[in-house]
Amino acid sequence: MNVLFVGAHPDDIETWAGGTAASYSQQGAKLFFCVATNGNVGSSTLGRDEIAKIRYKEAQNGAAVINAELIWLDFDDEFLIDSYETRLKFIEAFRIAKPDVVFCHWTQDYNPDHSISGMIVDECIHMAMVPNIKTQSKPCDKLPHVYFMDTPAGVNFEPQIYVDITSVFEKKVEMVGQHKSQNSWMKTMFGYDMESFLKVPAQFRGLQAGCRMAEAFRPSYRRGRTFIKHYLPQCLEISPNFHNAHK
Ligand SMILES: [Zn+2]
């Protein structure tokens, strides 16, 4: 199975789906981490190019913890714009990964790069199959299932499905811990505390799902996508709505 995670910023995938990615890794899935922007505003002391280089290295290190392949789209941080060029770069990423499952941000997330990248994935994933849309790689031959990731502190996100990450939570912490520059900047700027930022939401989602720690998702329902089977590892709960959609 090929699994593609698309994050707006270099640490997003690890933060909202790192446990799920680690579970996939244990099952032998081929993993791709696609990062849309280069994080080049994520410092109050370093210049844009300097911090972007550091964040690229940190993204490589985060992905390497579970042997995921990094796809770096290199758009400017906080200025991801939905355009012809942007869509083509996303489509090329889909074609590199040839995914069975794709994870992306919720389309009403707190940050424009998050929302726009989630919307582009959800709107454009089928375009990866269209031969007359030309990119470097060959078109995909199947339409993957798409899941939206949770939001910061779960605000404005009603989960429909959960993954038990209790056994891989420390691996998730290790992955997020690779993003040293971002963690320290967030601490200085916003009082970010990695322990509470990761642990409290995991425990809260676990409480909802009936396990110690969980990550939460919503499937994207679109015609033609694969609804006949669940693709999540250690999937815990399916909402009534999800059952109804599969009838
Ligand atoms: Zn982000």
# chains A, B, ... in the order shown; residues from 1 in each chain; ligands from 1

call {"tool": "closest_atom_pairs", "arguments": {"of": "chain A", "to": "ligand 1", "cutoff": "8 Å", "atoms": "only C-alpha atoms and all ligand atoms", "output": "CSV"}}
result
residue,atom,partner,partner_atom_place_in_ligand_line,distance
A:Gly7,CA,ligand 1,1 (Zn),7.0
A:Ala8,CA,ligand 1,1 (Zn),5.3
A:His9,CA,ligand 1,1 (Zn),4.5
A:Pro10,CA,ligand 1,1 (Zn),7.3
A:Asp11,CA,ligand 1,1 (Zn),6.8
A:Asp12,CA,ligand 1,1 (Zn),5.0
A:Asn111,CA,ligand 1,1 (Zn),7.0
A:Asp113,CA,ligand 1,1 (Zn),7.1
A:His114,CA,ligand 1,1 (Zn),6.1

call {"tool": "residues_around", "arguments": {"residues": "Phe103 in chain A", "least_positions_apart": "4", "cutoff": "7 Å", "atoms": "only C-alpha atoms", "output": "PyMOL selection string"}}
result
chain A and resi 4-6+146-149

call {"tool": "closest_residue", "arguments": {"among": "A:Ser43, A:Ser137, A:Ala22, A:Asp76", "to": "Ser184 in chain A", "atoms": "only C-alpha atoms"}}
result
A:Ser43

call {"tool": "closest_atom_pairs", "arguments": {"of": "range 106-193 of chain A", "to": "range 24-39 of chain A", "cutoff": "12 Å", "atoms": "only C-alpha atoms", "output": "JSON lines"}}
result
{"residue": "A:Pro112", "atom": "CA", "partner": "A:Thr37", "partner_atom": "CA", "distance": 11.6}
{"residue": "A:Asp113", "atom": "CA", "partner": "A:Thr37", "partner_atom": "CA", "distance": 8.0}
{"residue": "A:His114", "atom": "CA", "partner": "A:Ala36", "partner_atom": "CA", "distance": 9.3}
{"residue": "A:Ser115", "atom": "CA", "partner": "A:Ala36", "partner_atom": "CA", "distance": 11.8}
{"residue": "A:Ile116", "atom": "CA", "partner": "A:Ala36", "partner_atom": "CA", "distance": 10.2}
{"residue": "A:Ser117", "atom": "CA", "partner": "A:Ala36", "partner_atom": "CA", "distance": 7.3}
{"residue": "A:Gly118", "atom": "CA", "partner": "A:Ala36", "partner_atom": "CA", "distance": 10.4}
{"residue": "A:Ile120", "atom": "CA", "partner": "A:Ala36", "partner_atom": "CA", "distance": 10.9}
{"residue": "A:Val121", "atom": "CA", "partner": "A:Ala36", "partner_atom": "CA", "distance": 11.0}
{"residue": "A:Val163", "atom": "CA", "partner": "A:Tyr24", "partner_atom": "CA", "distance": 10.8}
{"residue": "A:Asp164", "atom": "CA", "partner": "A:Tyr24", "partner_atom": "CA", "distance": 11.8}
{"residue": "A:Ile165", "atom": "CA", "partner": "A:Tyr24", "partner_atom": "CA", "distance": 10.9}
{"residue": "A:Ser167", "atom": "CA", "partner": "A:Gln26", "partner_atom": "CA", "distance": 11.0}
{"residue": "A:Val168", "atom": "CA", "partner": "A:Gln26", "partner_atom": "CA", "distance": 9.6}
{"residue": "A:Lys171", "atom": "CA", "partner": "A:Ser25", "partner_atom": "CA", "distance": 11.0}
{"residue": "A:Lys172", "atom": "CA", "partner": "A:Ser25", "partner_atom": "CA", "distance": 11.9}
{"residue": "A:His179", "atom": "CA", "partner": "A:Gly39", "partner_atom": "CA", "distance": 11.0}
{"residue": "A:Ser181", "atom": "CA", "partner": "A:Gly39", "partner_atom": "CA", "distance": 10.3}
{"residue": "A:Gln182", "atom": "CA", "partner": "A:Gly39", "partner_atom": "CA", "distance": 8.7}
{"residue": "A:Trp185", "atom": "CA", "partner": "A:Gly39", "partner_atom": "CA", "distance": 11.6}

call {"tool": "closest_atom_pairs", "arguments": {"of": "range 60-120 of chain A", "to": "range 204-228 of chain A", "cutoff": "12 Å", "atoms": "only C-alpha atoms", "output": "JSON lines"}}
result
{"residue": "A:Asp100", "atom": "CA", "partner": "A:Thr226", "partner_atom": "CA", "distance": 9.1}
{"residue": "A:Val101", "atom": "CA", "partner": "A:Thr226", "partner_atom": "CA", "distance": 9.3}
{"residue": "A:Val102", "atom": "CA", "partner": "A:Pro219", "partner_atom": "CA", "distance": 10.0}
{"residue": "A:Phe103", "atom": "CA", "partner": "A:Phe217", "partner_atom": "CA", "distance": 8.8}
{"residue": "A:Cys104", "atom": "CA", "partner": "A:Phe217", "partner_atom": "CA", "distance": 9.7}
{"residue": "A:His105", "atom": "CA", "partner": "A:Phe217", "partner_atom": "CA", "distance": 9.6}
{"residue": "A:Trp106", "atom": "CA", "partner": "A:Arg218", "partner_atom": "CA", "distance": 8.3}
{"residue": "A:Thr107", "atom": "CA", "partner": "A:Ser220", "partner_atom": "CA", "distance": 10.5}
{"residue": "A:Gly118", "atom": "CA", "partner": "A:Ser220", "partner_atom": "CA", "distance": 10.6}
{"residue": "A:Met119", "atom": "CA", "partner": "A:Ser220", "partner_atom": "CA", "distance": 10.7}

call {"tool": "write_last_selection", "arguments": {"atoms": "N, CA and C atoms", "output": "PDB file, in the first residue's frame"}}
result
ATOM      1  N   ASP A 100      -2.637   4.858  -2.476  1.00  0.00           N
ATOM      2  CA  ASP A 100      -3.929   4.206  -2.230  1.00  0.00           C
ATOM      3  C   ASP A 100      -4.750   5.043  -1.256  1.00  0.00           C
ATOM      4  N   VAL A 101      -4.052   5.757  -0.381  1.00  0.00           N
ATOM      5  CA  VAL A 101      -4.695   6.605   0.620  1.00  0.00           C
ATOM      6  C   VAL A 101      -3.939   7.927   0.681  1.00  0.00           C
ATOM      7  N   VAL A 102      -4.678   9.013   0.837  1.00  0.00           N
ATOM      8  CA  VAL A 102      -4.054  10.337   0.985  1.00  0.00           C
ATOM      9  C   VAL A 102      -4.611  11.010   2.244  1.00  0.00           C
ATOM     10  N   PHE A 103      -3.739  11.637   2.985  1.00  0.00           N
ATOM     11  CA  PHE A 103      -4.133  12.446   4.148  1.00  0.00           C
ATOM     12  C   PHE A 103      -3.789  13.899   3.848  1.00  0.00           C
ATOM     13  N   CYS A 104      -4.706  14.802   4.212  1.00  0.00           N
ATOM     14  CA  CYS A 104      -4.443  16.230   4.010  1.00  0.00           C
ATOM     15  C   CYS A 104      -5.135  17.018   5.110  1.00  0.00           C
ATOM     16  N   HIS A 105      -4.898  18.332   5.111  1.00  0.00           N
ATOM     17  CA  HIS A 105      -5.515  19.190   6.122  1.00  0.00           C
ATOM     18  C   HIS A 105      -7.014  19.337   5.888  1.00  0.00           C
ATOM     19  N   TRP A 106      -7.717  19.590   6.960  1.00  0.00           N
ATOM     20  CA  TRP A 106      -9.135  19.950   6.925  1.00  0.00           C
ATOM     21  C   TRP A 106      -9.266  21.277   6.175  1.00  0.00           C
ATOM     22  N   THR A 107     -10.270  21.378   5.327  1.00  0.00           N
ATOM     23  CA  THR A 107     -10.373  22.540   4.443  1.00  0.00           C
ATOM     24  C   THR A 107     -10.842  23.814   5.170  1.00  0.00           C
ATOM     25  N   GLY A 118      -5.354  21.542   1.766  1.00  0.00           N
ATOM     26  CA  GLY A 118      -6.379  20.504   1.908  1.00  0.00           C
ATOM     27  C   GLY A 118      -7.392  20.571   0.777  1.00  0.00           C
ATOM     28  N   MET A 119      -7.776  21.794   0.425  1.00  0.00           N
ATOM     29  CA  MET A 119      -8.745  21.969  -0.656  1.00  0.00           C
ATOM     30  C   MET A 119      -8.150  21.511  -1.992  1.00  0.00           C
TER      31      MET A 119
END

call {"tool": "closest_residue", "arguments": {"among": "A:Gly191, A:Pro152, A:Pro233, A:Gly177", "to": "Asn61 in chain A", "atoms": "only C-alpha atoms"}}
result
A:Gly177
